[in-house]
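> Structure supplied as coords_33.cif; contents: mmCIF, C-alpha atoms and all ligand atoms.
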```
data_final
#
loop_
_atom_site.group_PDB
_atom_site.id
_atom_site.type_symbol
_atom_site.label_atom_id
_atom_site.label_comp_id
_atom_site.auth_asym_id
_atom_site.auth_seq_id
_atom_site.Cartn_x
_atom_site.Cartn_y
_atom_site.Cartn_z
ATOM 1 C CA MET A 1 39.663 -104.662 125.977
ATOM 2 C CA PRO A 2 38.227 -101.510 124.375
ATOM 3 C CA LEU A 3 34.440 -101.371 124.209
ATOM 4 C CA PRO A 4 32.902 -101.743 120.757
ATOM 5 C CA SER A 5 31.970 -98.488 119.050
ATOM 6 C CA TYR A 6 28.972 -97.699 116.885
ATOM 7 C CA ARG A 7 27.948 -94.971 114.459
ATOM 8 C CA LEU A 8 24.588 -93.272 114.882
ATOM 9 C CA THR A 9 22.470 -90.782 112.961
ATOM 10 C CA LEU A 10 20.351 -88.282 114.883
ATOM 11 C CA VAL A 11 16.687 -88.681 113.930
ATOM 12 C CA SER A 12 15.005 -86.171 116.253
ATOM 13 C CA ASN A 13 15.930 -83.622 118.894
ATOM 14 C CA GLU A 14 12.968 -82.461 120.949
ATOM 15 C CA GLN A 15 12.602 -80.206 123.973
ATOM 16 C CA ILE A 16 10.516 -82.131 126.523
ATOM 17 C CA CYS A 17 10.936 -79.833 129.556
ATOM 18 C CA PRO A 18 12.268 -76.291 130.038
ATOM 19 C CA ASN A 19 15.812 -77.684 130.488
ATOM 20 C CA VAL A 20 15.712 -81.161 129.020
ATOM 21 C CA ARG A 21 15.923 -82.441 125.450
ATOM 22 C CA LYS A 22 15.172 -85.938 124.193
ATOM 23 C CA LEU A 23 17.426 -87.151 121.390
ATOM 24 C CA ARG A 24 16.655 -90.182 119.278
ATOM 25 C CA PHE A 25 19.310 -91.787 117.075
ATOM 26 C CA GLU A 26 19.323 -94.680 114.646
ATOM 27 C CA PHE A 27 22.263 -97.056 114.391
ATOM 28 C CA VAL A 28 23.949 -96.909 110.990
ATOM 29 C CA GLU A 29 24.343 -100.679 111.171
ATOM 30 C CA ALA A 30 20.933 -102.084 112.131
ATOM 31 C CA ASN A 31 20.585 -104.615 114.989
ATOM 32 C CA SER A 32 24.250 -104.421 115.928
ATOM 33 C CA PHE A 33 23.813 -102.958 119.432
ATOM 34 C CA THR A 34 22.761 -104.996 122.482
ATOM 35 C CA TYR A 35 22.271 -103.601 126.009
ATOM 36 C CA ARG A 36 20.750 -104.327 129.396
ATOM 37 C CA PRO A 37 18.085 -101.851 130.575
ATOM 38 C CA GLY A 38 19.773 -99.514 133.079
ATOM 39 C CA GLN A 39 23.093 -99.249 131.235
ATOM 40 C CA PHE A 40 24.660 -96.163 129.663
ATOM 41 C CA VAL A 41 26.790 -95.326 126.620
ATOM 42 C CA SER A 42 29.761 -93.038 126.079
ATOM 43 C CA PHE A 43 29.634 -90.460 123.268
ATOM 44 C CA GLN A 44 32.864 -89.379 121.568
ATOM 45 C CA LEU A 45 32.210 -85.790 120.510
ATOM 46 C CA PRO A 46 34.588 -83.881 118.219
ATOM 47 C CA TYR A 47 35.901 -80.864 120.169
ATOM 48 C CA ALA A 48 38.957 -78.709 119.336
ATOM 49 C CA GLU A 49 42.032 -81.001 119.273
ATOM 50 C CA LYS A 50 40.794 -83.640 121.705
ATOM 51 C CA PRO A 51 37.384 -85.356 121.519
ATOM 52 C CA LEU A 52 35.077 -85.095 124.540
ATOM 53 C CA LYS A 53 33.819 -88.291 126.149
ATOM 54 C CA ARG A 54 30.422 -88.001 127.807
ATOM 55 C CA SER A 55 28.180 -90.658 129.327
ATOM 56 C CA TYR A 56 24.389 -90.814 128.885
ATOM 57 C CA SER A 57 21.907 -93.383 130.136
ATOM 58 C CA ILE A 58 19.927 -95.405 127.640
ATOM 59 C CA ALA A 59 16.281 -94.316 127.939
ATOM 60 C CA ASN A 60 14.805 -96.731 125.317
ATOM 61 C CA LEU A 61 11.564 -98.426 126.393
ATOM 62 C CA GLU A 62 11.801 -101.926 124.929
ATOM 63 C CA LEU A 63 11.158 -105.508 125.973
ATOM 64 C CA PRO A 64 14.280 -107.511 126.875
ATOM 65 C CA ASN A 65 14.637 -111.197 125.973
ATOM 66 C CA GLU A 66 14.701 -113.926 128.640
ATOM 67 C CA ASP A 67 18.390 -113.163 129.323
ATOM 68 C CA GLY A 68 17.507 -109.539 130.075
ATOM 69 C CA LEU A 69 19.103 -108.228 126.864
ATOM 70 C CA VAL A 70 17.721 -105.950 124.143
ATOM 71 C CA THR A 71 19.078 -105.784 120.598
ATOM 72 C CA THR A 72 17.949 -102.538 119.050
ATOM 73 C CA ASN A 73 18.025 -100.271 116.003
ATOM 74 C CA TYR A 74 17.739 -97.029 117.941
ATOM 75 C CA LEU A 75 19.045 -95.123 120.971
ATOM 76 C CA GLU A 76 17.085 -92.600 123.013
ATOM 77 C CA ILE A 77 18.718 -90.325 125.596
ATOM 78 C CA VAL A 78 17.557 -87.359 127.668
ATOM 79 C CA ILE A 79 19.963 -84.498 128.345
ATOM 80 C CA SER A 80 19.758 -81.744 130.955
ATOM 81 C CA TYR A 81 20.961 -78.281 130.080
ATOM 82 C CA VAL A 82 24.294 -77.374 131.742
ATOM 83 C CA GLU A 83 25.375 -73.720 131.640
ATOM 84 C CA ASN A 84 28.511 -73.422 129.461
ATOM 85 C CA GLY A 85 28.495 -77.203 129.029
ATOM 86 C CA ARG A 86 30.497 -78.298 126.002
ATOM 87 C CA ALA A 87 28.556 -81.476 125.235
ATOM 88 C CA THR A 88 25.330 -79.649 126.137
ATOM 89 C CA LYS A 89 25.963 -77.097 123.380
ATOM 90 C CA ILE A 90 26.680 -79.836 120.829
ATOM 91 C CA PHE A 91 23.571 -81.850 121.686
ATOM 92 C CA PHE A 92 21.197 -78.911 122.142
ATOM 93 C CA GLU A 93 22.155 -77.571 118.693
ATOM 94 C CA ALA A 94 22.330 -80.941 116.903
ATOM 95 C CA GLN A 95 20.114 -81.415 113.842
ATOM 96 C CA ALA A 96 18.450 -84.485 112.358
ATOM 97 C CA GLY A 97 20.957 -86.160 110.032
ATOM 98 C CA ASP A 98 24.027 -85.325 112.184
ATOM 99 C CA GLU A 99 26.332 -88.307 112.781
ATOM 100 C CA PHE A 100 27.665 -89.412 116.185
ATOM 101 C CA GLU A 101 29.872 -92.137 117.594
ATOM 102 C CA ILE A 102 29.319 -94.038 120.835
ATOM 103 C CA SER A 103 30.968 -96.882 122.689
ATOM 104 C CA GLY A 104 29.414 -99.240 125.203
ATOM 105 C CA PRO A 105 27.121 -100.216 126.683
ATOM 106 C CA VAL A 106 28.443 -100.120 130.254
ATOM 107 C CA GLY A 107 27.088 -99.883 133.778
ATOM 108 C CA LEU A 108 25.932 -102.046 136.653
ATOM 109 C CA LEU A 109 22.673 -100.266 137.493
ATOM 110 C CA VAL A 110 20.749 -103.209 136.066
ATOM 111 C CA LEU A 111 18.218 -105.659 137.436
ATOM 112 C CA GLY A 112 20.266 -108.713 138.412
ATOM 113 C CA SER A 113 19.530 -112.015 140.076
ATOM 114 C CA GLU A 114 20.046 -110.509 143.545
ATOM 115 C CA LEU A 115 16.719 -108.630 143.600
ATOM 116 C CA ALA A 116 15.037 -108.153 146.973
ATOM 117 C CA GLU A 117 11.377 -108.413 147.978
ATOM 118 C CA ARG A 118 11.011 -104.643 147.670
ATOM 119 C CA VAL A 119 13.113 -102.602 145.270
ATOM 120 C CA PHE A 120 13.288 -98.804 145.353
ATOM 121 C CA LEU A 121 14.269 -97.064 142.108
ATOM 122 C CA ILE A 122 15.104 -93.477 143.013
ATOM 123 C CA GLY A 123 16.186 -90.694 140.664
ATOM 124 C CA THR A 124 16.115 -86.980 140.000
ATOM 125 C CA GLY A 125 15.841 -85.307 136.587
ATOM 126 C CA THR A 126 17.483 -87.246 133.768
ATOM 127 C CA GLY A 127 18.546 -89.816 136.366
ATOM 128 C CA MET A 128 15.130 -91.396 135.686
ATOM 129 C CA ALA A 129 16.220 -92.531 132.216
ATOM 130 C CA PRO A 130 17.563 -95.950 133.334
ATOM 131 C CA TYR A 131 14.312 -96.704 135.200
ATOM 132 C CA ARG A 132 12.219 -95.851 132.155
ATOM 133 C CA ALA A 133 14.313 -98.376 130.244
ATOM 134 C CA MET A 134 13.521 -101.011 132.908
ATOM 135 C CA LEU A 135 9.727 -100.577 132.933
ATOM 136 C CA ASN A 136 8.841 -103.586 130.761
ATOM 137 C CA GLN A 137 11.225 -105.768 132.733
ATOM 138 C CA LEU A 138 9.625 -104.722 136.051
ATOM 139 C CA THR A 139 6.237 -105.869 134.794
ATOM 140 C CA GLU A 140 7.617 -109.363 134.202
ATOM 141 C CA LEU A 141 9.260 -109.555 137.658
ATOM 142 C CA SER A 142 5.905 -109.889 139.382
ATOM 143 C CA ASN A 143 7.332 -111.527 142.547
ATOM 144 C CA HIS A 144 8.973 -108.234 143.484
ATOM 145 C CA GLN A 145 7.422 -104.929 144.500
ATOM 146 C CA PHE A 146 9.010 -101.915 142.761
ATOM 147 C CA HIS A 147 8.690 -98.410 144.177
ATOM 148 C CA ILE A 148 9.779 -95.733 141.681
ATOM 149 C CA LEU A 149 10.539 -92.293 143.182
ATOM 150 C CA PHE A 150 11.011 -89.376 140.750
ATOM 151 C CA GLY A 151 12.305 -86.117 142.259
ATOM 152 C CA ALA A 152 11.983 -82.711 140.573
ATOM 153 C CA GLN A 153 11.390 -79.115 141.573
ATOM 154 C CA LYS A 154 8.158 -78.634 139.593
ATOM 155 C CA LEU A 155 5.791 -80.717 137.510
ATOM 156 C CA GLU A 156 7.082 -79.012 134.357
ATOM 157 C CA ASN A 157 10.519 -80.554 135.075
ATOM 158 C CA MET A 158 9.148 -84.107 134.872
ATOM 159 C CA PHE A 159 8.998 -86.236 131.721
ATOM 160 C CA TYR A 160 8.098 -89.790 130.661
ATOM 161 C CA LEU A 161 5.198 -89.446 133.120
ATOM 162 C CA ASP A 162 2.771 -91.361 130.866
ATOM 163 C CA ASP A 163 5.149 -94.329 130.885
ATOM 164 C CA PHE A 164 5.611 -94.293 134.660
ATOM 165 C CA TRP A 165 1.866 -93.921 135.339
ATOM 166 C CA ALA A 166 1.058 -96.728 132.879
ATOM 167 C CA ALA A 167 3.514 -98.970 134.756
ATOM 168 C CA ASP A 168 1.931 -97.921 138.073
ATOM 169 C CA LYS A 169 -1.289 -99.690 136.970
ATOM 170 C CA LYS A 170 0.504 -103.028 137.472
ATOM 171 C CA ASP A 171 0.085 -104.588 140.922
ATOM 172 C CA ASN A 172 3.840 -104.736 141.576
ATOM 173 C CA ILE A 173 4.812 -101.217 140.415
ATOM 174 C CA HIS A 174 4.212 -98.048 142.442
ATOM 175 C CA PHE A 175 5.116 -94.584 141.170
ATOM 176 C CA TYR A 176 5.753 -91.547 143.400
ATOM 177 C CA PRO A 177 6.475 -88.220 141.685
ATOM 178 C CA CYS A 178 7.947 -85.916 144.376
ATOM 179 C CA LEU A 179 7.951 -82.137 143.932
ATOM 180 C CA SER A 180 10.146 -79.932 146.102
ATOM 181 C CA ARG A 181 8.939 -76.496 144.936
ATOM 182 C CA GLU A 182 5.227 -76.783 144.205
ATOM 183 C CA VAL A 183 2.122 -78.755 145.042
ATOM 184 C CA ALA A 184 0.388 -80.688 142.261
ATOM 185 C CA ASP A 185 -2.302 -83.359 141.927
ATOM 186 C CA ASN A 186 -1.081 -86.944 142.342
ATOM 187 C CA CYS A 187 2.370 -85.726 143.417
ATOM 188 C CA HIS A 188 4.042 -85.968 146.809
ATOM 189 C CA PRO A 189 5.404 -82.835 148.501
ATOM 190 C CA GLY A 190 9.128 -82.547 149.239
ATOM 191 C CA TYR A 191 12.258 -84.401 148.252
ATOM 192 C CA VAL A 192 12.484 -88.075 147.361
ATOM 193 C CA GLN A 193 14.105 -88.574 150.788
ATOM 194 C CA SER A 194 10.815 -87.659 152.546
ATOM 195 C CA GLN A 195 8.813 -90.110 150.469
ATOM 196 C CA LEU A 196 11.409 -92.831 150.994
ATOM 197 C CA GLU A 197 11.208 -92.398 154.778
ATOM 198 C CA LEU A 198 7.411 -92.799 154.634
ATOM 199 C CA LEU A 199 7.918 -96.160 152.909
ATOM 200 C CA LYS A 200 10.075 -97.335 155.841
ATOM 201 C CA PRO A 201 13.035 -98.875 154.016
ATOM 202 C CA ASN A 202 14.292 -102.061 155.656
ATOM 203 C CA PRO A 203 17.767 -103.523 154.939
ATOM 204 C CA GLU A 204 16.437 -107.054 155.600
ATOM 205 C CA THR A 205 13.960 -106.969 152.718
ATOM 206 C CA ASP A 206 14.842 -104.077 150.432
ATOM 207 C CA LEU A 207 17.312 -103.118 147.703
ATOM 208 C CA VAL A 208 17.740 -99.488 146.630
ATOM 209 C CA TYR A 209 18.869 -98.049 143.287
ATOM 210 C CA LEU A 210 19.972 -94.390 143.172
ATOM 211 C CA CYS A 211 20.683 -92.467 139.989
ATOM 212 C CA GLY A 212 21.362 -88.891 138.901
ATOM 213 C CA ASN A 213 22.468 -85.800 140.790
ATOM 214 C CA PRO A 214 25.533 -86.751 142.924
ATOM 215 C CA ASP A 215 24.292 -84.698 145.925
ATOM 216 C CA MET A 216 20.953 -86.514 145.934
ATOM 217 C CA VAL A 217 22.702 -89.886 145.637
ATOM 218 C CA ASP A 218 24.996 -89.070 148.592
ATOM 219 C CA ASP A 219 22.166 -87.669 150.731
ATOM 220 C CA VAL A 220 19.926 -90.704 150.229
ATOM 221 C CA PHE A 221 22.842 -93.073 150.782
ATOM 222 C CA ASP A 222 23.645 -91.319 154.087
ATOM 223 C CA LEU A 223 20.026 -91.686 155.150
ATOM 224 C CA LEU A 224 20.069 -95.401 154.262
ATOM 225 C CA LYS A 225 23.344 -95.999 156.113
ATOM 226 C CA GLU A 226 21.666 -94.685 159.276
ATOM 227 C CA LEU A 227 19.061 -97.411 158.742
ATOM 228 C CA ASP A 228 21.821 -100.083 158.526
ATOM 229 C CA PHE A 229 21.868 -100.426 154.740
ATOM 230 C CA GLY A 230 25.288 -101.471 153.403
ATOM 231 C CA VAL A 231 26.917 -100.939 150.014
ATOM 232 C CA LYS A 232 25.518 -104.234 148.717
ATOM 233 C CA GLN A 233 21.935 -103.106 149.333
ATOM 234 C CA VAL A 234 22.336 -99.752 147.570
ATOM 235 C CA LYS A 235 23.296 -99.528 143.892
ATOM 236 C CA ARG A 236 24.489 -96.051 142.986
ATOM 237 C CA GLU A 237 25.089 -94.267 139.701
ATOM 238 C CA LYS A 238 26.167 -90.652 140.028
ATOM 239 C CA TYR A 239 26.031 -88.328 137.036
ATOM 240 C CA VAL A 240 29.440 -86.872 137.879
ATOM 241 C CA PHE A 241 30.963 -84.251 135.580
ATOM 242 C CA SER A 242 33.883 -85.095 133.326
ATOM 243 C CA LYS A 243 37.316 -83.581 133.985
ATOM 244 C CA PHE A 244 37.703 -82.528 130.359
HETATM 245 C C1 LIG A 301 27.337 -92.759 134.172
HETATM 246 C C2 LIG A 301 26.834 -91.368 133.761
HETATM 247 C C3 LIG A 301 25.619 -91.263 133.102
HETATM 248 C C4 LIG A 301 25.149 -90.013 132.734
HETATM 249 N N1 LIG A 301 23.926 -89.926 132.116
HETATM 250 C C5 LIG A 301 23.409 -88.713 131.836
HETATM 251 C C6 LIG A 301 22.115 -88.616 131.226
HETATM 252 O O1 LIG A 301 21.439 -89.624 130.906
HETATM 253 N N2 LIG A 301 21.626 -87.360 130.985
HETATM 254 C C7 LIG A 301 22.346 -86.225 131.309
HETATM 255 O O2 LIG A 301 21.844 -85.116 131.086
HETATM 256 N N3 LIG A 301 23.587 -86.310 131.858
HETATM 257 C C8 LIG A 301 24.138 -87.523 132.101
HETATM 258 N N4 LIG A 301 25.390 -87.598 132.639
HETATM 259 C C9 LIG A 301 26.209 -86.341 132.753
HETATM 260 C C10 LIG A 301 26.889 -86.093 131.365
HETATM 261 O O3 LIG A 301 27.801 -87.150 131.100
HETATM 262 C C11 LIG A 301 27.665 -84.754 131.295
HETATM 263 O O4 LIG A 301 28.529 -84.654 132.422
HETATM 264 C C12 LIG A 301 26.739 -83.539 131.261
HETATM 265 O O5 LIG A 301 25.897 -83.614 130.088
HETATM 266 C C13 LIG A 301 27.556 -82.210 131.206
HETATM 267 O O6 LIG A 301 28.468 -82.285 130.151
HETATM 268 P P1 LIG A 301 28.945 -80.948 129.386
HETATM 269 O O7 LIG A 301 30.081 -81.323 128.479
HETATM 270 O O8 LIG A 301 27.767 -80.267 128.751
HETATM 271 O O9 LIG A 301 29.462 -80.021 130.559
HETATM 272 P P2 LIG A 301 31.029 -79.661 130.851
HETATM 273 O O10 LIG A 301 31.576 -78.891 129.698
HETATM 274 O O11 LIG A 301 31.728 -80.924 131.260
HETATM 275 O O12 LIG A 301 30.895 -78.735 132.121
HETATM 276 C C14 LIG A 301 30.736 -77.307 132.022
HETATM 277 C C15 LIG A 301 30.730 -76.692 133.390
HETATM 278 O O13 LIG A 301 29.549 -77.021 134.084
HETATM 279 C C16 LIG A 301 29.846 -77.777 135.278
HETATM 280 N N5 LIG A 301 28.844 -78.836 135.246
HETATM 281 C C17 LIG A 301 28.876 -79.954 134.467
HETATM 282 N N6 LIG A 301 27.733 -80.661 134.601
HETATM 283 C C18 LIG A 301 26.957 -79.947 135.477
HETATM 284 C C19 LIG A 301 25.672 -80.156 136.032
HETATM 285 N N7 LIG A 301 24.913 -81.238 135.702
HETATM 286 N N8 LIG A 301 25.193 -79.226 136.899
HETATM 287 C C20 LIG A 301 25.920 -78.139 137.233
HETATM 288 N N9 LIG A 301 27.167 -77.892 136.734
HETATM 289 C C21 LIG A 301 27.669 -78.775 135.895
HETATM 290 C C22 LIG A 301 31.252 -78.284 135.132
HETATM 291 O O14 LIG A 301 31.873 -78.435 136.391
HETATM 292 C C23 LIG A 301 31.861 -77.165 134.319
HETATM 293 O O15 LIG A 301 32.218 -76.094 135.130
HETATM 294 C C24 LIG A 301 25.905 -88.839 133.024
HETATM 295 C C25 LIG A 301 27.139 -88.970 133.668
HETATM 296 C C26 LIG A 301 27.598 -90.212 134.034
HETATM 297 C C27 LIG A 301 28.927 -90.318 134.729
#
```
In structure tokens, how does this file's structure come out?

Amino acid sequence: MPLPSYRLTLVSNEQICPNVRKLRFEFVEANSFTYRPGQFVSFQLPYAEKPLKRSYSIANLELPNEDGLVTTNYLEIVISYVENGRATKIFFEAQAGDEFEISGPVGLLVLGSELAERVFLIGTGTGMAPYRAMLNQLTELSNHQFHILFGAQKLENMFYLDDFWAADKKDNIHFYPCLSREVADNCHPGYVQSQLELLKPNPETDLVYLCGNPDMVDDVFDLLKELDFGVKQVKREKYVFSKF
């Protein structure tokens, strides 16, 4: 069955890092769109003869209902700049008032009933968007300990930090910004892999979510496999490129 589609109007388009823009849209038909934090949508973008289809994670920070669902009037996404990227050009140049079409939501990188004692939420760059969307839900799941690892080269490449640090004030949420190319206050040196190893992941008690750069996702998964993690204990969402 085809996924439902929705029309959106761009409300704002803001640069939040040297290479990342945050786009906020409003749904033309209010309260028609329902999602689970962690899911993504597919944009259909007019392009020459054939439209482009591109996926973007929902970055909205909202409170889900008791079934874990959010019905919303708006959509927020964060987009990294890709050299010669076709969708990148469209989004980076888009103006308030421009109309878009999406379908969805889709995706299994959500907080289900199978949560473990400790849950690691690991991402790089815009791969942090799904975890931002989960923050209010994590607060409510106080029987679980959540460790959020954000990887970037430099502090200037990080965003939504206020939201992650505010969540870190809760007893069950722990935030670790990891910088691979500079040293900064309150940040951990090196890749997310180094920080993960310090937290001694254990397949008996832990569940790991990985999102973003496909190389990072593969590298961390390889590391976890060496520690006897199986596919059921590692949820992966790779931001793979589209063929067209
Ligand atoms: C489930 C899912 C969720 C996603 N969520 C997000 C999100 O929230 N934010 C986000 O920014 N992206 C996200 N992506 C990636 C996004 O869908 C596009 O692939 C990305 O924006 C590039 O599209 P483009 O049309 O600009 O580039 P294209 O025109 O498809 O590619 C142009 C050229 O750049 C290469 N290329 C494409 N992407 C990259 C890259 N990242 N790095 C280096 N080279 C590249 C291609 O191979 C090609 O040669 C997601 C992908 C998936 C599958």
> Report as an mmCIF file with C-alpha atoms, keeping the file's coordinate frame all protein, DNA and RNA residues lying within 6 Å of range 107-121 of chain A, evaluated on only C-alpha atoms, omitting residues in the same chain fewer than 6 positions from it.

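Full text of out_9.cif as output:
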```
data_model
loop_
_atom_site.group_PDB
_atom_site.id
_atom_site.type_symbol
_atom_site.label_atom_id
_atom_site.label_comp_id
_atom_site.auth_asym_id
_atom_site.auth_seq_id
_atom_site.Cartn_x
_atom_site.Cartn_y
_atom_site.Cartn_z
ATOM 1 C CA GLY A 38 19.773 -99.514 133.079
ATOM 2 C CA GLN A 39 23.093 -99.249 131.235
ATOM 3 C CA HIS A 144 8.973 -108.234 143.484
ATOM 4 C CA GLN A 145 7.422 -104.929 144.500
ATOM 5 C CA PHE A 146 9.010 -101.915 142.761
ATOM 6 C CA HIS A 147 8.690 -98.410 144.177
ATOM 7 C CA ILE A 148 9.779 -95.733 141.681
ATOM 8 C CA THR A 205 13.960 -106.969 152.718
ATOM 9 C CA ASP A 206 14.842 -104.077 150.432
ATOM 10 C CA LEU A 207 17.312 -103.118 147.703
ATOM 11 C CA VAL A 208 17.740 -99.488 146.630
ATOM 12 C CA TYR A 209 18.869 -98.049 143.287
#
```
> Neighbours of Ala94 in chain A within 10 Å (all atoms listed in the file; same-chain residues fewer than 3 positions away dropped), as a ChimeraX atom specification?
/A:10,12-13,23,88-91,97-99
> Mind writing the picked residues with C-alpha atoms as a CSV table (one decimal), keeping the file's coordinate frame?

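What landed in result39.csv:
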```csv
chain,number,residue,atom,x,y,z
A,10,LEU,CA,20.4,-88.3,114.9
A,12,SER,CA,15.0,-86.2,116.3
A,13,ASN,CA,15.9,-83.6,118.9
A,23,LEU,CA,17.4,-87.2,121.4
A,88,THR,CA,25.3,-79.6,126.1
A,89,LYS,CA,26.0,-77.1,123.4
A,90,ILE,CA,26.7,-79.8,120.8
A,91,PHE,CA,23.6,-81.8,121.7
A,97,GLY,CA,21.0,-86.2,110.0
A,98,ASP,CA,24.0,-85.3,112.2
A,99,GLU,CA,26.3,-88.3,112.8
```
> Give as a ChimeraX atom specification the residues surrounding ligand LIG 301 (chain A) up to a distance of 9 Å, considering only C-alpha atoms and all ligand atoms.
/A:20-21,39-43,52-59,77-91,106-107,125-130,211-213,237-244
> Report the distance between CA of Lys154 in chain A and CA of Cys187 in chain A in Å, rounded to one decimal place.
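It comes out at 9.9 Å.
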> Find, counting only C-alpha atoms, the residue in A:Asn202, A:Lys170, A:Glu26, A:Tyr176 that gets nearest to Ser142 in chain A.
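Result for the nearest residue to Ser142 in chain A: A:Lys170.
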> For a quick check of understanding, using only C-alpha atoms, which of A:Tyr191, A:Phe92, A:Tyr131, A:Phe164 has the smallest distance to Ala152 in chain A?
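Looking only at the distances to Ala152 in chain A, the closest residue turns out to be A:Tyr191.
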> Got a sec: who's within 12 Å of Ala166 in chain A, counting all atoms listed in the file, leaving out chain neighbours fewer than 6 positions off, as a PyMOL selection string?
chain A and resi 132+135-136+139+160+173-175
> Apply the PyMOL selection byres (((chain A and resi 232) around 10) and not hetatm) to the file shown and report the selected residues as a VMD selection string.
chain A and resid 114 203 207 to 208 229 to 231 233 to 235
> Determine the nearest neighbour of Phe27 in chain A from the options A:Met158, A:Asn60, A:Thr72, A:Leu224, counting all atoms listed in the file.
A:Thr72
> Taking the partial coordinates given, rebuild range 62-74 of chain A to contain N, CA, C and O atoms; return it as a PDB file, in the coordinates of the input.

```
ATOM      1  N   GLU A  62      11.924-100.741 125.779  1.00  0.00           N
ATOM      2  CA  GLU A  62      11.801-101.926 124.929  1.00  0.00           C
ATOM      3  C   GLU A  62      11.672-103.158 125.821  1.00  0.00           C
ATOM      4  O   GLU A  62      11.921-103.097 127.027  1.00  0.00           O
ATOM      5  N   LEU A  63      11.337-104.273 125.208  1.00  0.00           N
ATOM      6  CA  LEU A  63      11.158-105.508 125.973  1.00  0.00           C
ATOM      7  C   LEU A  63      12.412-106.384 125.852  1.00  0.00           C
ATOM      8  O   LEU A  63      12.766-106.803 124.751  1.00  0.00           O
ATOM      9  N   PRO A  64      13.092-106.659 126.962  1.00  0.00           N
ATOM     10  CA  PRO A  64      14.280-107.511 126.875  1.00  0.00           C
ATOM     11  C   PRO A  64      13.915-108.980 126.631  1.00  0.00           C
ATOM     12  O   PRO A  64      12.792-109.390 126.919  1.00  0.00           O
ATOM     13  N   ASN A  65      14.867-109.758 126.141  1.00  0.00           N
ATOM     14  CA  ASN A  65      14.637-111.197 125.973  1.00  0.00           C
ATOM     15  C   ASN A  65      14.790-111.893 127.333  1.00  0.00           C
ATOM     16  O   ASN A  65      15.012-111.245 128.354  1.00  0.00           O
ATOM     17  N   GLU A  66      14.696-113.220 127.348  1.00  0.00           N
ATOM     18  CA  GLU A  66      14.701-113.926 128.640  1.00  0.00           C
ATOM     19  C   GLU A  66      16.041-113.811 129.365  1.00  0.00           C
ATOM     20  O   GLU A  66      16.119-114.054 130.570  1.00  0.00           O
ATOM     21  N   ASP A  67      17.100-113.403 128.653  1.00  0.00           N
ATOM     22  CA  ASP A  67      18.390-113.163 129.323  1.00  0.00           C
ATOM     23  C   ASP A  67      18.528-111.709 129.794  1.00  0.00           C
ATOM     24  O   ASP A  67      19.594-111.296 130.239  1.00  0.00           O
ATOM     25  N   GLY A  68      17.475-110.939 129.635  1.00  0.00           N
ATOM     26  CA  GLY A  68      17.507-109.539 130.075  1.00  0.00           C
ATOM     27  C   GLY A  68      18.203-108.605 129.100  1.00  0.00           C
ATOM     28  O   GLY A  68      18.583-107.491 129.467  1.00  0.00           O
ATOM     29  N   LEU A  69      18.386-109.034 127.863  1.00  0.00           N
ATOM     30  CA  LEU A  69      19.103-108.228 126.864  1.00  0.00           C
ATOM     31  C   LEU A  69      18.154-107.702 125.789  1.00  0.00           C
ATOM     32  O   LEU A  69      17.168-108.361 125.445  1.00  0.00           O
ATOM     33  N   VAL A  70      18.487-106.521 125.256  1.00  0.00           N
ATOM     34  CA  VAL A  70      17.721-105.950 124.143  1.00  0.00           C
ATOM     35  C   VAL A  70      18.675-105.671 122.987  1.00  0.00           C
ATOM     36  O   VAL A  70      19.697-105.013 123.176  1.00  0.00           O
ATOM     37  N   THR A  71      18.342-106.169 121.808  1.00  0.00           N
ATOM     38  CA  THR A  71      19.078-105.784 120.598  1.00  0.00           C
ATOM     39  C   THR A  71      18.199-104.785 119.864  1.00  0.00           C
ATOM     40  O   THR A  71      17.015-105.036 119.658  1.00  0.00           O
ATOM     41  N   THR A  72      18.784-103.646 119.524  1.00  0.00           N
ATOM     42  CA  THR A  72      17.949-102.538 119.050  1.00  0.00           C
ATOM     43  C   THR A  72      18.511-101.846 117.810  1.00  0.00           C
ATOM     44  O   THR A  72      19.699-101.982 117.496  1.00  0.00           O
ATOM     45  N   ASN A  73      17.632-101.091 117.160  1.00  0.00           N
ATOM     46  CA  ASN A  73      18.025-100.271 116.003  1.00  0.00           C
ATOM     47  C   ASN A  73      18.186 -98.802 116.370  1.00  0.00           C
ATOM     48  O   ASN A  73      18.585 -98.003 115.538  1.00  0.00           O
ATOM     49  N   TYR A  74      17.743 -98.453 117.602  1.00  0.00           N
ATOM     50  CA  TYR A  74      17.739 -97.029 117.941  1.00  0.00           C
ATOM     51  C   TYR A  74      18.264 -96.789 119.352  1.00  0.00           C
ATOM     52  O   TYR A  74      18.342 -97.724 120.165  1.00  0.00           O
TER      53      TYR A  74
END
```
